[in-house]
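Engineer: Just dropping this structure here.
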Amino acid sequence: MRKILFATNNAHKIQEAQYRIGSIFQVISLKEVGINETIPEPYDTLKENASAKSQYIYNKLHQNCFSEDTGLFVEALHGEPGVHSARYAGEQARDTANLEKLVHKMYGKENRKAHFSTIISLIMDGKEYFFEGHCKGNIVEIANGKMGFGYDPVFKPEGSEKTFGEMDIDEKNEFSHRRKALDLLIDFLTRITPKENLS
Ligand code: IMP
């Protein structure tokens with residue numbers, strides 16, 4: 001089976017990608033190629049951060065790879081936490097602290113609208129390509145569900161009665177920003193590399 005290196009060590013992201021594209025590509029994590037470090041995301045846009053991660057790995061390993069950056073954009077908070085979603089409650093903040101901060105800031109807010117956005121940067125033979133996916137929904141008042149990761153327990157996508165935190169990966173993938181971006185990536189990869197091994 002063809003392989004593709006996903007420049008992340010986030011096990012949830014790897015799993016979501018593997019579920020989505022596993023029948024076509026084997027998704028390889030950074031850990032599997034011996035890289036355990038967290039790659040910095042110093043920029044103010046998802047696109048620049050996604051690009052920085054894939055460029056870093058491509059330059060280090062000289063291997064085709066993709067990375068992604070995701071943010072949750074909440075209308076009532078003027079787009080917060082946005083590109084700073086991973087560090088919302090501080091530089092070293094964990095998912096639970098970020099989630100608690102968001103629930104607190106949304107207390108009493110009438111407008112609950114939000115969306116997730118994902119930008120994928122693929123570097124193939126030195127050329128870079130971008131793919132994006134979005135998912136509209138609402139922030140619930142009380143976190144619900146233990147599945148998924150990050151802000152999943154407070155995000156209810158449009159068209160669903162459940163939060164992402166209450167969904168298994170297949171259900172989340174019906175709606176998810178990441179799955180939509182991955183679909184475009186797969187479409188591209190299967191069109192331009194029908195026979196090659198990507199890894
Ligand atoms: P990053 O893309 O790894 O920088 O993630 C940014 C922040 O958003 C982190 O706090 C993640 O936990 C969170 N996040 C990323 N993707 C998702 C998702 O699909 N659901 C919920 N939270 C997410």
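Identifiers in the structure tokens: chain A, B, ... in order shown; residue index from 1 per chain; ligand index from 1 in order shown.
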List all protein, DNA and RNA residues that have an atom no more than 8 Å from any atom of ligand 1, counting only C-alpha atoms and all ligand atoms, and report them as a ChimeraX atom specification.
Structural biologist: /A:10,13,41,68-72,83-88,94-95,98,116,118,148-153,155,164,176-178
Engineer: With a distance cut-off of 12 Å and only C-alpha atoms, select the neighbouring residues of Tyr56 (chain A), excluding the residue or stretch itself and same-chain residues fewer than 3 positions from it, and output the selection as a PyMOL selection string.
Structural biologist: chain A and resi 7-8+30+35+37-41+48-53+59-67+121-123+126
Engineer: Quick one: pick out all strand (DSSP E) residues within region 22-178 of chain A from a backbone DSSP run and write them as JSON, numbers by chain.
Structural biologist: {"A": [25, 26, 27, 28, 65, 66, 67, 68, 69, 70, 71, 72, 73, 74, 81, 82, 113, 114, 115, 116, 117, 118, 119, 120, 121, 122, 123, 124, 127, 128, 129, 130, 131, 132, 133, 134, 135, 136, 137, 138, 139, 155, 156, 157]}
Engineer: If you run DSSP on this backbone, which residues of chain A come out as alpha helix (DSSP H), and could you give them as a PyMOL selection string?
Structural biologist: chain A and resi 11-21+46-61+95-105+169-175+177-192
Engineer: Taking only C-alpha atoms into account, name the residue in A:Ala17, A:Leu99, A:Leu184, A:Ile119 that is nearest to Ala143 (chain A).
Structural biologist: A:Leu99
Engineer: If we count only C-alpha atoms and set the cut-off at 12 Å, which residues sit around His78 (chain A), ignoring sequence neighbours fewer than 5 positions away in its own chain? Please answer as a PyMOL selection string.
Structural biologist: chain A and resi 72-73+105-106+111-115
Engineer: I need the residues from that last selection saved to file as a short mmCIF file (atom, residue, chain, number, x, y, z; two decimals), in the first residue's frame (with all heavy atoms), if you can.
Structural biologist:
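Result went into selection_3.cif, see below:
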data_model
loop_
_atom_site.label_atom_id
_atom_site.label_comp_id
_atom_site.auth_asym_id
_atom_site.auth_seq_id
_atom_site.Cartn_x
_atom_site.Cartn_y
_atom_site.Cartn_z
N LEU A 72 -10.37 26.83 15.95
CA LEU A 72 -11.81 26.99 16.21
C LEU A 72 -12.09 28.49 16.31
O LEU A 72 -11.46 29.19 17.12
CB LEU A 72 -12.16 26.29 17.54
CG LEU A 72 -13.60 26.49 18.03
CD1 LEU A 72 -14.62 25.89 17.05
CD2 LEU A 72 -13.79 25.87 19.41
N PHE A 73 -13.00 28.97 15.48
CA PHE A 73 -13.27 30.41 15.39
C PHE A 73 -14.69 30.67 15.91
O PHE A 73 -15.66 30.18 15.31
CB PHE A 73 -13.12 30.88 13.93
CG PHE A 73 -11.72 30.68 13.39
CD1 PHE A 73 -11.28 29.43 12.98
CD2 PHE A 73 -10.83 31.75 13.35
CE1 PHE A 73 -9.99 29.24 12.50
CE2 PHE A 73 -9.53 31.57 12.88
CZ PHE A 73 -9.11 30.32 12.46
N LYS A 105 -15.58 31.77 28.87
CA LYS A 105 -15.77 32.98 28.07
C LYS A 105 -17.12 33.01 27.36
O LYS A 105 -17.64 34.07 27.02
CB LYS A 105 -14.65 33.10 27.04
CG LYS A 105 -13.34 33.57 27.63
CD LYS A 105 -12.51 34.26 26.59
CE LYS A 105 -11.85 35.50 27.10
NZ LYS A 105 -11.28 36.36 26.11
N MET A 106 -17.67 31.85 27.11
CA MET A 106 -18.96 31.77 26.40
C MET A 106 -20.15 31.81 27.34
O MET A 106 -21.29 31.79 26.90
CB MET A 106 -19.01 30.48 25.55
CG MET A 106 -18.15 30.53 24.31
SD MET A 106 -18.61 31.89 23.21
CE MET A 106 -20.12 31.24 22.49
N ASN A 111 -25.12 34.38 21.10
CA ASN A 111 -24.63 33.89 19.81
C ASN A 111 -23.61 32.78 20.07
O ASN A 111 -22.52 33.04 20.58
CB ASN A 111 -23.98 35.05 19.04
CG ASN A 111 -23.41 34.60 17.71
OD1 ASN A 111 -23.51 33.42 17.35
ND2 ASN A 111 -22.82 35.53 16.97
N ARG A 112 -23.97 31.54 19.69
CA ARG A 112 -23.10 30.39 19.97
C ARG A 112 -22.39 29.90 18.70
O ARG A 112 -21.74 28.86 18.71
CB ARG A 112 -23.91 29.21 20.55
CG ARG A 112 -24.94 29.54 21.61
CD ARG A 112 -24.37 29.96 22.92
NE ARG A 112 -23.43 29.02 23.52
CZ ARG A 112 -22.85 29.21 24.71
NH1 ARG A 112 -23.12 30.30 25.42
NH2 ARG A 112 -22.01 28.33 25.20
N LYS A 113 -22.53 30.67 17.60
CA LYS A 113 -22.00 30.18 16.32
C LYS A 113 -20.47 30.12 16.29
O LYS A 113 -19.80 31.04 16.80
CB LYS A 113 -22.46 31.09 15.19
CG LYS A 113 -23.89 30.90 14.81
CD LYS A 113 -24.20 31.74 13.61
CE LYS A 113 -25.71 31.80 13.39
NZ LYS A 113 -26.07 32.97 12.59
N ALA A 114 -19.97 29.06 15.65
CA ALA A 114 -18.51 28.89 15.55
C ALA A 114 -18.21 28.02 14.34
O ALA A 114 -19.11 27.38 13.79
CB ALA A 114 -17.99 28.21 16.81
N HIS A 115 -16.96 28.02 13.94
CA HIS A 115 -16.57 27.04 12.91
C HIS A 115 -15.14 26.59 13.14
O HIS A 115 -14.32 27.34 13.68
CB HIS A 115 -16.74 27.58 11.48
CG HIS A 115 -15.78 28.67 11.13
ND1 HIS A 115 -16.03 30.01 11.35
CD2 HIS A 115 -14.54 28.63 10.56
CE1 HIS A 115 -15.00 30.73 10.93
NE2 HIS A 115 -14.08 29.92 10.46
#
Engineer: Let me make sure I understand: among A:Met167, A:Met124, A:Ile192, A:Leu5, which one has the smallest atom-to-atom distance to Gln18 (chain A) if we use only C-alpha atoms?
Structural biologist: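 Using only C-alpha atoms, the shortest distance to Gln18 (chain A) belongs to A:Leu5.
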